[in-house]
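Engineer: This one is coords_38.cif, mmCIF, C-alpha atoms.
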```cif
data_upload
loop_
_atom_site.group_PDB
_atom_site.id
_atom_site.type_symbol
_atom_site.label_atom_id
_atom_site.label_comp_id
_atom_site.auth_asym_id
_atom_site.auth_seq_id
_atom_site.Cartn_x
_atom_site.Cartn_y
_atom_site.Cartn_z
ATOM 1 C CA MET A 274 -91.629 30.708 4.105
ATOM 2 C CA ARG A 275 -91.057 33.970 2.202
ATOM 3 C CA ILE A 276 -87.373 33.196 1.680
ATOM 4 C CA PHE A 277 -88.362 29.769 0.283
ATOM 5 C CA ILE A 278 -90.819 31.333 -2.216
ATOM 6 C CA VAL A 279 -88.323 33.981 -3.360
ATOM 7 C CA ALA A 280 -85.486 31.486 -3.781
ATOM 8 C CA LEU A 281 -87.714 29.025 -5.625
ATOM 9 C CA THR A 282 -88.894 31.774 -7.981
ATOM 10 C CA VAL A 283 -85.303 32.791 -8.753
ATOM 11 C CA LEU A 284 -84.322 29.188 -9.396
ATOM 12 C CA LEU A 285 -87.284 28.662 -11.710
ATOM 13 C CA LEU A 286 -86.672 31.868 -13.667
ATOM 14 C CA GLY A 287 -82.992 31.002 -14.022
ATOM 15 C CA ASN A 288 -83.928 27.603 -15.429
ATOM 16 C CA VAL A 289 -87.023 28.588 -17.408
ATOM 17 C CA ASN A 290 -85.906 26.830 -20.598
ATOM 18 C CA SER A 291 -85.689 23.553 -18.711
ATOM 19 C CA VAL A 292 -89.172 23.681 -17.185
ATOM 20 C CA TYR A 293 -90.648 22.155 -20.304
ATOM 21 C CA ALA A 294 -87.915 19.565 -20.791
ATOM 22 C CA GLU A 295 -89.215 16.165 -21.794
ATOM 23 C CA SER A 296 -86.219 14.189 -20.611
ATOM 24 C CA PRO A 297 -86.569 12.019 -17.499
ATOM 25 C CA ALA A 298 -84.638 12.862 -14.351
ATOM 26 C CA GLY A 299 -80.900 12.942 -14.838
ATOM 27 C CA TYR A 300 -77.998 15.091 -13.767
ATOM 28 C CA GLY A 301 -78.426 18.842 -13.547
ATOM 29 C CA GLY A 302 -81.618 20.859 -13.181
ATOM 30 C CA LEU A 303 -83.866 21.897 -10.314
ATOM 31 C CA ARG A 304 -85.158 19.582 -7.628
ATOM 32 C CA PHE A 305 -87.765 20.492 -5.015
ATOM 33 C CA GLY A 306 -90.029 18.545 -2.707
ATOM 34 C CA TYR A 307 -90.868 17.233 0.748
ATOM 35 C CA THR A 308 -88.658 15.626 3.396
ATOM 36 C CA ARG A 309 -89.526 13.828 6.612
ATOM 37 C CA GLY A 310 -86.849 13.650 9.279
ATOM 38 C CA PHE A 311 -86.059 13.182 12.929
ATOM 39 C CA TYR A 312 -83.485 14.631 15.297
ATOM 40 C CA ARG A 313 -81.082 12.012 16.626
ATOM 41 C CA PHE A 314 -80.764 13.439 20.125
ATOM 42 C CA SER A 315 -83.344 14.650 22.600
ATOM 43 C CA MET A 316 -83.699 18.367 23.234
ATOM 44 C CA SER A 317 -83.699 18.489 26.993
ATOM 45 C CA GLY A 318 -84.853 22.091 27.348
ATOM 46 C CA PRO A 319 -88.129 21.706 25.433
ATOM 47 C CA GLU A 320 -88.694 18.191 26.784
ATOM 48 C CA ILE A 321 -88.326 19.304 30.411
ATOM 49 C CA TYR A 322 -90.659 22.226 29.820
ATOM 50 C CA MET A 323 -93.311 20.041 28.165
ATOM 51 C CA TRP A 324 -92.954 17.279 30.784
ATOM 52 C CA ARG A 325 -93.698 19.808 33.506
ATOM 53 C CA ILE A 326 -96.823 21.036 31.723
ATOM 54 C CA ASN A 327 -97.997 17.486 30.944
ATOM 55 C CA ASN A 328 -97.634 16.522 34.599
ATOM 56 C CA GLY A 329 -99.262 19.615 36.034
ATOM 57 C CA TYR A 330 -96.152 21.518 37.130
ATOM 58 C CA ALA A 331 -96.211 25.086 35.856
ATOM 59 C CA PRO A 332 -92.780 26.480 34.895
ATOM 60 C CA GLU A 333 -92.058 29.661 36.790
ATOM 61 C CA ASP A 334 -91.851 31.845 33.703
ATOM 62 C CA LEU A 335 -95.562 31.270 32.929
ATOM 63 C CA GLY A 336 -96.497 33.625 35.750
ATOM 64 C CA VAL A 337 -99.353 31.509 37.146
ATOM 65 C CA LEU A 338 -99.945 29.865 40.521
ATOM 66 C CA GLY A 339 -100.351 26.375 39.095
ATOM 67 C CA ILE A 340 -102.028 24.054 36.620
ATOM 68 C CA LYS A 341 -105.356 22.564 37.682
ATOM 69 C CA GLU A 342 -105.975 20.160 34.789
ATOM 70 C CA VAL A 343 -104.182 19.040 31.636
ATOM 71 C CA LYS A 344 -106.794 18.259 28.983
ATOM 72 C CA GLU A 345 -104.468 17.633 26.042
ATOM 73 C CA PRO A 346 -100.746 17.002 26.757
ATOM 74 C CA PHE A 347 -97.877 18.046 24.512
ATOM 75 C CA GLY A 348 -96.618 15.561 21.948
ATOM 76 C CA GLN A 349 -93.014 15.316 20.739
ATOM 77 C CA LEU A 350 -90.806 17.633 18.698
ATOM 78 C CA ASN A 351 -88.160 15.187 17.480
ATOM 79 C CA GLN A 352 -89.840 14.516 14.135
ATOM 80 C CA PHE A 353 -90.224 17.285 11.587
ATOM 81 C CA ASN A 354 -91.458 18.190 8.123
ATOM 82 C CA SER A 355 -89.214 19.947 5.640
ATOM 83 C CA ALA A 356 -89.471 21.648 2.253
ATOM 84 C CA GLN A 357 -86.340 21.597 0.098
ATOM 85 C CA ALA A 358 -85.322 23.173 -3.200
ATOM 86 C CA TYR A 359 -81.894 22.930 -4.829
ATOM 87 C CA MET A 360 -80.071 23.186 -8.133
ATOM 88 C CA GLU A 361 -77.635 20.555 -9.355
ATOM 89 C CA PHE A 362 -74.558 21.590 -11.355
ATOM 90 C CA GLU A 363 -71.911 19.616 -13.249
ATOM 91 C CA GLY A 364 -68.269 20.660 -13.569
ATOM 92 C CA SER A 365 -64.711 19.304 -13.463
ATOM 93 C CA GLY A 366 -65.968 15.754 -13.037
ATOM 94 C CA LEU A 367 -67.916 16.627 -9.891
ATOM 95 C CA THR A 368 -71.569 17.383 -9.193
ATOM 96 C CA ALA A 369 -72.631 20.157 -6.823
ATOM 97 C CA GLU A 370 -75.961 20.895 -5.181
ATOM 98 C CA PHE A 371 -76.906 24.342 -3.883
ATOM 99 C CA GLY A 372 -80.218 24.973 -2.192
ATOM 100 C CA LEU A 373 -82.243 25.651 0.899
ATOM 101 C CA ALA A 374 -84.312 23.692 3.407
ATOM 102 C CA ILE A 375 -87.109 24.868 5.687
ATOM 103 C CA ARG A 376 -87.858 22.596 8.646
ATOM 104 C CA ARG A 377 -90.741 22.787 11.097
ATOM 105 C CA SER A 378 -91.562 20.786 14.216
ATOM 106 C CA ALA A 379 -94.574 21.727 16.354
ATOM 107 C CA THR A 380 -96.979 20.460 19.006
ATOM 108 C CA SER A 381 -99.556 21.918 21.400
ATOM 109 C CA ALA A 382 -101.250 21.341 24.747
ATOM 110 C CA VAL A 383 -104.513 22.413 26.385
ATOM 111 C CA TYR A 384 -104.574 22.968 30.152
ATOM 112 C CA THR A 385 -106.347 24.981 32.849
ATOM 113 C CA VAL A 386 -104.235 27.402 34.883
ATOM 114 C CA VAL A 387 -104.958 28.994 38.260
ATOM 115 C CA LYS A 388 -104.050 32.675 38.239
ATOM 116 C CA SER A 389 -103.395 34.990 41.170
ATOM 117 C CA GLY A 390 -106.635 35.543 43.053
ATOM 118 C CA GLY A 391 -107.883 32.037 42.241
ATOM 119 C CA ALA A 392 -109.303 32.735 38.776
ATOM 120 C CA GLU A 393 -109.126 29.826 36.321
ATOM 121 C CA GLU A 394 -108.384 30.114 32.628
ATOM 122 C CA GLU A 395 -108.025 27.563 29.831
ATOM 123 C CA TRP A 396 -104.841 27.877 27.779
ATOM 124 C CA ARG A 397 -103.923 26.293 24.475
ATOM 125 C CA GLU A 398 -100.176 26.580 24.215
ATOM 126 C CA LYS A 399 -98.454 25.924 20.900
ATOM 127 C CA VAL A 400 -94.695 25.418 20.632
ATOM 128 C CA LYS A 401 -92.617 25.330 17.475
ATOM 129 C CA LEU A 402 -89.018 24.754 16.391
ATOM 130 C CA LYS A 403 -87.926 26.412 13.138
ATOM 131 C CA TYR A 404 -84.724 25.482 11.347
ATOM 132 C CA ASN A 405 -83.924 27.169 8.014
ATOM 133 C CA GLU A 406 -80.665 26.496 6.207
ATOM 134 C CA ILE A 407 -78.778 26.889 2.966
ATOM 135 C CA PHE A 408 -76.561 24.021 1.878
ATOM 136 C CA LEU A 409 -73.811 23.289 -0.593
ATOM 137 C CA THR A 410 -73.076 19.647 -1.416
ATOM 138 C CA VAL A 411 -70.237 18.389 -3.604
ATOM 139 C CA GLY A 412 -70.140 14.802 -4.822
ATOM 140 C CA TYR A 413 -69.992 12.482 -7.782
ATOM 141 C CA ARG A 414 -72.507 11.228 -10.310
ATOM 142 C CA ALA A 415 -71.152 8.950 -13.023
ATOM 143 C CA PRO A 416 -72.133 9.923 -16.594
ATOM 144 C CA GLN A 417 -75.798 9.081 -17.181
ATOM 145 C CA SER A 418 -75.968 7.522 -13.705
ATOM 146 C CA LYS A 419 -79.069 7.777 -11.540
ATOM 147 C CA LEU A 420 -77.076 7.583 -8.296
ATOM 148 C CA TYR A 421 -75.476 10.602 -6.638
ATOM 149 C CA LEU A 422 -73.217 10.538 -3.555
ATOM 150 C CA GLY A 423 -71.939 13.659 -1.861
ATOM 151 C CA ALA A 424 -70.946 15.554 1.268
ATOM 152 C CA GLY A 425 -71.929 19.079 2.126
ATOM 153 C CA LEU A 426 -71.785 22.114 4.384
ATOM 154 C CA ASP A 427 -75.005 23.437 5.915
ATOM 155 C CA ILE A 428 -75.420 26.874 7.506
ATOM 156 C CA GLY A 429 -78.703 27.821 9.122
ATOM 157 C CA MET A 430 -80.782 29.720 11.626
ATOM 158 C CA PHE A 431 -82.627 27.956 14.455
ATOM 159 C CA SER A 432 -85.443 29.365 16.579
ATOM 160 C CA ALA A 433 -87.847 28.196 19.300
ATOM 161 C CA LEU A 434 -91.243 29.904 19.591
ATOM 162 C CA HIS A 435 -94.480 29.576 21.512
ATOM 163 C CA LYS A 436 -97.879 31.209 21.785
ATOM 164 C CA ILE A 437 -100.807 30.948 24.200
ATOM 165 C CA ASN A 438 -104.348 31.108 22.822
ATOM 166 C CA ASP A 439 -104.536 33.926 20.240
ATOM 167 C CA SER A 440 -101.326 35.723 21.206
ATOM 168 C CA LYS A 441 -98.517 36.311 18.721
ATOM 169 C CA TRP A 442 -95.571 33.936 18.426
ATOM 170 C CA SER A 443 -92.872 34.947 20.913
ATOM 171 C CA PRO A 444 -89.482 33.544 21.993
ATOM 172 C CA TRP A 445 -89.949 30.276 23.887
ATOM 173 C CA PHE A 446 -86.195 29.836 24.318
ATOM 174 C CA TYR A 447 -84.146 32.879 23.440
ATOM 175 C CA ALA A 448 -80.757 34.444 22.771
ATOM 176 C CA PHE A 449 -79.534 37.943 23.538
ATOM 177 C CA LYS A 450 -79.162 40.249 20.567
ATOM 178 C CA ILE A 451 -75.657 41.522 19.876
ATOM 179 C CA PHE A 452 -76.942 45.084 19.614
ATOM 180 C CA GLY A 453 -79.755 46.643 21.606
ATOM 181 C CA GLY A 454 -79.786 44.306 24.603
ATOM 182 C CA ASP A 455 -83.118 42.766 23.608
ATOM 183 C CA ILE A 456 -83.840 39.056 23.114
ATOM 184 C CA THR A 457 -84.510 37.021 19.999
ATOM 185 C CA ALA A 458 -85.742 33.478 19.373
ATOM 186 C CA ARG A 459 -83.156 32.952 16.609
ATOM 187 C CA THR A 460 -79.570 31.745 16.760
ATOM 188 C CA PRO A 461 -77.138 30.499 14.062
ATOM 189 C CA CYS A 462 -76.001 26.910 13.568
ATOM 190 C CA ALA A 463 -73.784 24.913 11.205
ATOM 191 C CA ALA A 464 -73.432 21.271 10.196
ATOM 192 C CA VAL A 465 -72.032 18.836 7.636
ATOM 193 C CA SER A 466 -74.067 16.265 5.747
ATOM 194 C CA LEU A 467 -73.629 13.004 3.886
ATOM 195 C CA VAL A 468 -76.064 12.674 0.983
ATOM 196 C CA ALA A 469 -77.240 9.906 -1.342
ATOM 197 C CA SER A 470 -79.906 10.368 -4.008
ATOM 198 C CA TYR A 471 -81.379 8.210 -6.736
ATOM 199 C CA ASP A 472 -83.410 9.349 -9.733
ATOM 200 C CA ILE A 473 -86.627 7.551 -10.602
ATOM 201 C CA SER A 474 -88.151 9.016 -13.764
ATOM 202 C CA TYR A 475 -89.105 12.615 -12.917
ATOM 203 C CA PHE A 476 -88.549 12.081 -9.184
ATOM 204 C CA THR A 477 -85.477 11.888 -6.961
ATOM 205 C CA LEU A 478 -85.322 9.919 -3.731
ATOM 206 C CA ARG A 479 -82.912 11.752 -1.413
ATOM 207 C CA VAL A 480 -81.487 10.381 1.844
ATOM 208 C CA TYR A 481 -79.124 12.350 4.044
ATOM 209 C CA SER A 482 -77.507 12.315 7.459
ATOM 210 C CA GLN A 483 -76.592 15.621 9.100
ATOM 211 C CA HIS A 484 -73.940 16.034 11.802
ATOM 212 C CA ALA A 485 -73.616 19.229 13.835
ATOM 213 C CA MET A 486 -70.527 21.429 13.861
ATOM 214 C CA MET A 487 -72.188 24.232 15.846
ATOM 215 C CA ASN A 488 -75.393 23.450 17.728
ATOM 216 C CA PRO A 489 -77.824 26.258 18.569
ATOM 217 C CA THR A 490 -77.754 27.438 22.177
ATOM 218 C CA LEU A 491 -80.754 29.257 23.635
ATOM 219 C CA ASN A 492 -81.696 30.426 27.110
ATOM 220 C CA SER A 493 -84.706 29.884 29.357
ATOM 221 C CA GLU A 494 -85.780 31.448 32.632
ATOM 222 C CA SER A 495 -84.405 29.626 35.672
ATOM 223 C CA GLY A 496 -86.071 31.570 38.484
ATOM 224 C CA LYS A 497 -83.188 30.576 40.771
ATOM 225 C CA TYR A 498 -80.711 33.432 40.745
ATOM 226 C CA THR A 499 -80.960 37.203 40.576
ATOM 227 C CA ASN A 500 -77.517 37.709 39.057
ATOM 228 C CA ILE A 501 -78.003 35.025 36.336
ATOM 229 C CA PRO A 502 -81.781 34.553 36.000
ATOM 230 C CA TRP A 503 -81.539 32.202 33.027
ATOM 231 C CA SER A 504 -80.001 28.867 32.085
ATOM 232 C CA THR A 505 -78.513 27.885 28.720
ATOM 233 C CA LYS A 506 -79.908 24.975 26.725
ATOM 234 C CA VAL A 507 -78.308 23.151 23.786
ATOM 235 C CA PHE A 508 -80.471 22.127 20.810
ATOM 236 C CA PRO A 509 -78.767 19.221 18.978
ATOM 237 C CA ILE A 510 -79.542 19.614 15.264
ATOM 238 C CA ALA A 511 -77.999 16.299 14.115
ATOM 239 C CA HIS A 512 -80.717 14.443 12.244
ATOM 240 C CA PHE A 513 -81.621 11.964 9.521
ATOM 241 C CA GLY A 514 -83.979 12.703 6.650
ATOM 242 C CA VAL A 515 -85.643 11.035 3.663
ATOM 243 C CA GLY A 516 -87.128 13.155 0.909
ATOM 244 C CA LEU A 517 -88.941 12.819 -2.395
ATOM 245 C CA MET A 518 -88.038 15.532 -4.906
ATOM 246 C CA PHE A 519 -89.608 16.471 -8.222
ATOM 247 C CA HIS A 520 -87.069 17.064 -10.973
ATOM 248 C CA ILE A 521 -87.165 19.773 -13.637
ATOM 249 C CA GLY A 522 -84.620 20.127 -16.425
ATOM 250 C CA GLY A 523 -81.184 18.591 -16.667
ATOM 251 C CA GLU A 524 -80.092 15.972 -19.155
#
```
Rewrite the coordinates I just gave you, this time as structure tokens.
Structural biologist:
Amino acid sequence: MRIFIVALTVLLLGNVNSVYAESPAGYGGLRFGYTRGFYRFSMSGPEIYMWRINNGYAPEDLGVLGIKEVKEPFGQLNQFNSAQAYMEFEGSGLTAEFGLAIRRSATSAVYTVVKSGGAEEEWREKVKLKYNEIFLTVGYRAPQSKLYLGAGLDIGMFSALHKINDSKWSPWFYAFKIFGGDITARTPCAAVSLVASYDISYFTLRVYSQHAMMNPTLNSESGKYTNIPWSTKVFPIAHFGVGLMFHIGGE
């Protein structure tokens, strides 16, 4: 969220003379708003984990003897909310968009675990997928046209986190750090997108379809082998989104 606030502040300061523009939405200027989207493909790692919890089977990496009762099962992670902010530029007959997107998908479950010694404890486990990216889109908008069509390159960072009760967020699925030998919940990803947007007064309706070039890969504990005690999971980031943006500046 901090990177979103900083970037938005820079964009606003760089376009301060346009903030008070009286013209309706057109080409150029700053656009920012909310997007709702869904991943096209299932994420087997998280879904298997949550299915086990929902059906009373405790994954081995929880460190408990079993689950006695599931009071509130996990939901799904395939739909997400997103905040976007981007600038639109004109030049050489083409229109370019440069901006960032912050996506979040989360759900939680409440269940009773049986610990070693027979003690019972109620857990509320929250899980979250974070996907932050910067994107550059190049396309065409006819002079004074409200319709924009483009294609872009998206580079981002994906992470999977969880927490139990009041604990801090920690890696749910993880990658090994290049230096230090520790683990991290974050891993890079890349994609291409097809974009269509249409201006309606001071608002822009934006529809896009993203296709992965490099999916995130994260690990989880397998509990099966001592030489390779983890298994690798793929997180398909291909998705479809529809957003409503507020427009500032431009012509």
Engineer: If you apply the PyMOL selection byres ((chain A and resi 331) around 12) to this file, what residues do you get, as a PyMOL selection string?
Structural biologist: chain A and resi 321-330+332-343+384-388
Engineer: Residues within 7 Å of Ser504 of chain A, please, as an NGL selection string. Count only C-alpha atoms; anything in the same chain fewer than 2 positions from it doesn't count.
Structural biologist: :A and (492-495 or 506)
Engineer: Starting from the PyMOL selection byres ((chain A and resi 350-360) around 6), expand the selection into actual residues of this file and give them as a CSV table (one decimal) with C-alpha atoms, in the coordinates of the input.
Structural biologist:
```
chain,number,residue,atom,x,y,z
A,302,GLY,CA,-81.6,20.9,-13.2
A,303,LEU,CA,-83.9,21.9,-10.3
A,304,ARG,CA,-85.2,19.6,-7.6
A,305,PHE,CA,-87.8,20.5,-5.0
A,306,GLY,CA,-90.0,18.5,-2.7
A,307,TYR,CA,-90.9,17.2,0.7
A,308,THR,CA,-88.7,15.6,3.4
A,309,ARG,CA,-89.5,13.8,6.6
A,310,GLY,CA,-86.8,13.6,9.3
A,311,PHE,CA,-86.1,13.2,12.9
A,312,TYR,CA,-83.5,14.6,15.3
A,349,GLN,CA,-93.0,15.3,20.7
A,361,GLU,CA,-77.6,20.6,-9.4
A,370,GLU,CA,-76.0,20.9,-5.2
A,371,PHE,CA,-76.9,24.3,-3.9
A,372,GLY,CA,-80.2,25.0,-2.2
A,373,LEU,CA,-82.2,25.7,0.9
A,374,ALA,CA,-84.3,23.7,3.4
A,375,ILE,CA,-87.1,24.9,5.7
A,376,ARG,CA,-87.9,22.6,8.6
A,377,ARG,CA,-90.7,22.8,11.1
A,378,SER,CA,-91.6,20.8,14.2
```
Engineer: Quick one, how far is atom CA of Leu402 of chain A from atom CA of Ala433 of chain A?
Structural biologist: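 Atom CA of Ala433 of chain A lies at a distance of 4.7 Å from atom CA of Leu402 of chain A.
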Engineer: Which of these, A:Met486, A:Leu478, A:Gly425, A:Asn405, has the shortest distance to Thr460 of chain A once you count all atoms listed in the file?
Structural biologist: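 The shortest atom-to-atom distance to Thr460 of chain A comes from A:Asn405.
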Engineer: Would you list the contacts of His484 of chain A as a PyMOL selection string, taking every protein, DNA or RNA residue within 10 Å and counting all atoms listed in the file, but skipping same-chain residues closer than 5 positions in sequence?
Structural biologist: chain A and resi 313+426-427+463-467+509-513
Engineer: Rank A:Pro416, A:Gly522, A:Gly348, A:Pro489 by their smallest atom-to-atom distance to Val383 of chain A, using all atoms listed in the file, and report the top residue only.
Structural biologist: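 Selected residue with least distance to Val383 of chain A: A:Gly348.
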Engineer: Measuring atom to atom with all atoms listed in the file, identify which of A:Arg414, A:His520, A:Lys441, A:Lys497 is nearest to Tyr475 of chain A.
Structural biologist: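 Ranked by minimum distance to Tyr475 of chain A, first place goes to A:His520.
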Engineer: If we count all atoms listed in the file and set the cut-off at 7 Å, which residues sit around Ala382 of chain A, ignoring sequence neighbours fewer than 3 positions away in its own chain? Please answer as a list in words.
Structural biologist: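 Non-adjacent residues within range: Glu345, Pro346, Phe347, Arg397, Glu398 and Lys399 of chain A.
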Engineer: Compare A:Ser381, A:Thr490, A:Ser443, A:Asn500 by their minimum atom-to-atom distance to Val400 of chain A, counting all atoms listed in the file, and give me the closest one.
Structural biologist: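 Nearest candidate to Val400 of chain A out of A:Ser381, A:Thr490, A:Ser443, A:Asn500: A:Ser381.
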Engineer: Calculate, to one decimal in Å, the centre and edge lengths of the box along x, y and z of the file that holds all listed atoms of segment 305-312 of chain A with 8 Å of margin on each side, and present them as lines of an AutoDock Vina configuration file.
Structural biologist:
```
center_x = -87.2
center_y = 16.8
center_z = 5.1
size_x = 23.4
size_y = 23.3
size_z = 36.3
```
Engineer: So what do you get for atom CA of Lys450 of chain A versus atom CA of Ser317 of chain A, distance-wise?
Structural biologist: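 Separating atom CA of Lys450 of chain A from atom CA of Ser317 of chain A is a distance of 23.1 Å.
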Engineer: Between A:Leu491, A:Ala424, A:Leu409, A:Ile473, which has the minimum distance to Tyr447 of chain A (counting all atoms listed in the file)?
Structural biologist: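 That would be A:Leu491, the residue with the smallest distance to Tyr447 of chain A.
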Engineer: Between atom CA of Met316 of chain A and atom CA of Asp439 of chain A, what is the spacing in Å?
Structural biologist: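 We find that atom CA of Asp439 of chain A and atom CA of Met316 of chain A lie 26.2 Å from each other.
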Engineer: Nearest to Arg479 of chain A among A:Gly429, A:Pro502, A:Gly454, A:Gly423, with distances taken over all atoms listed in the file: which residue is it?
Structural biologist: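 Using all atoms listed in the file, the shortest distance to Arg479 of chain A belongs to A:Gly423.
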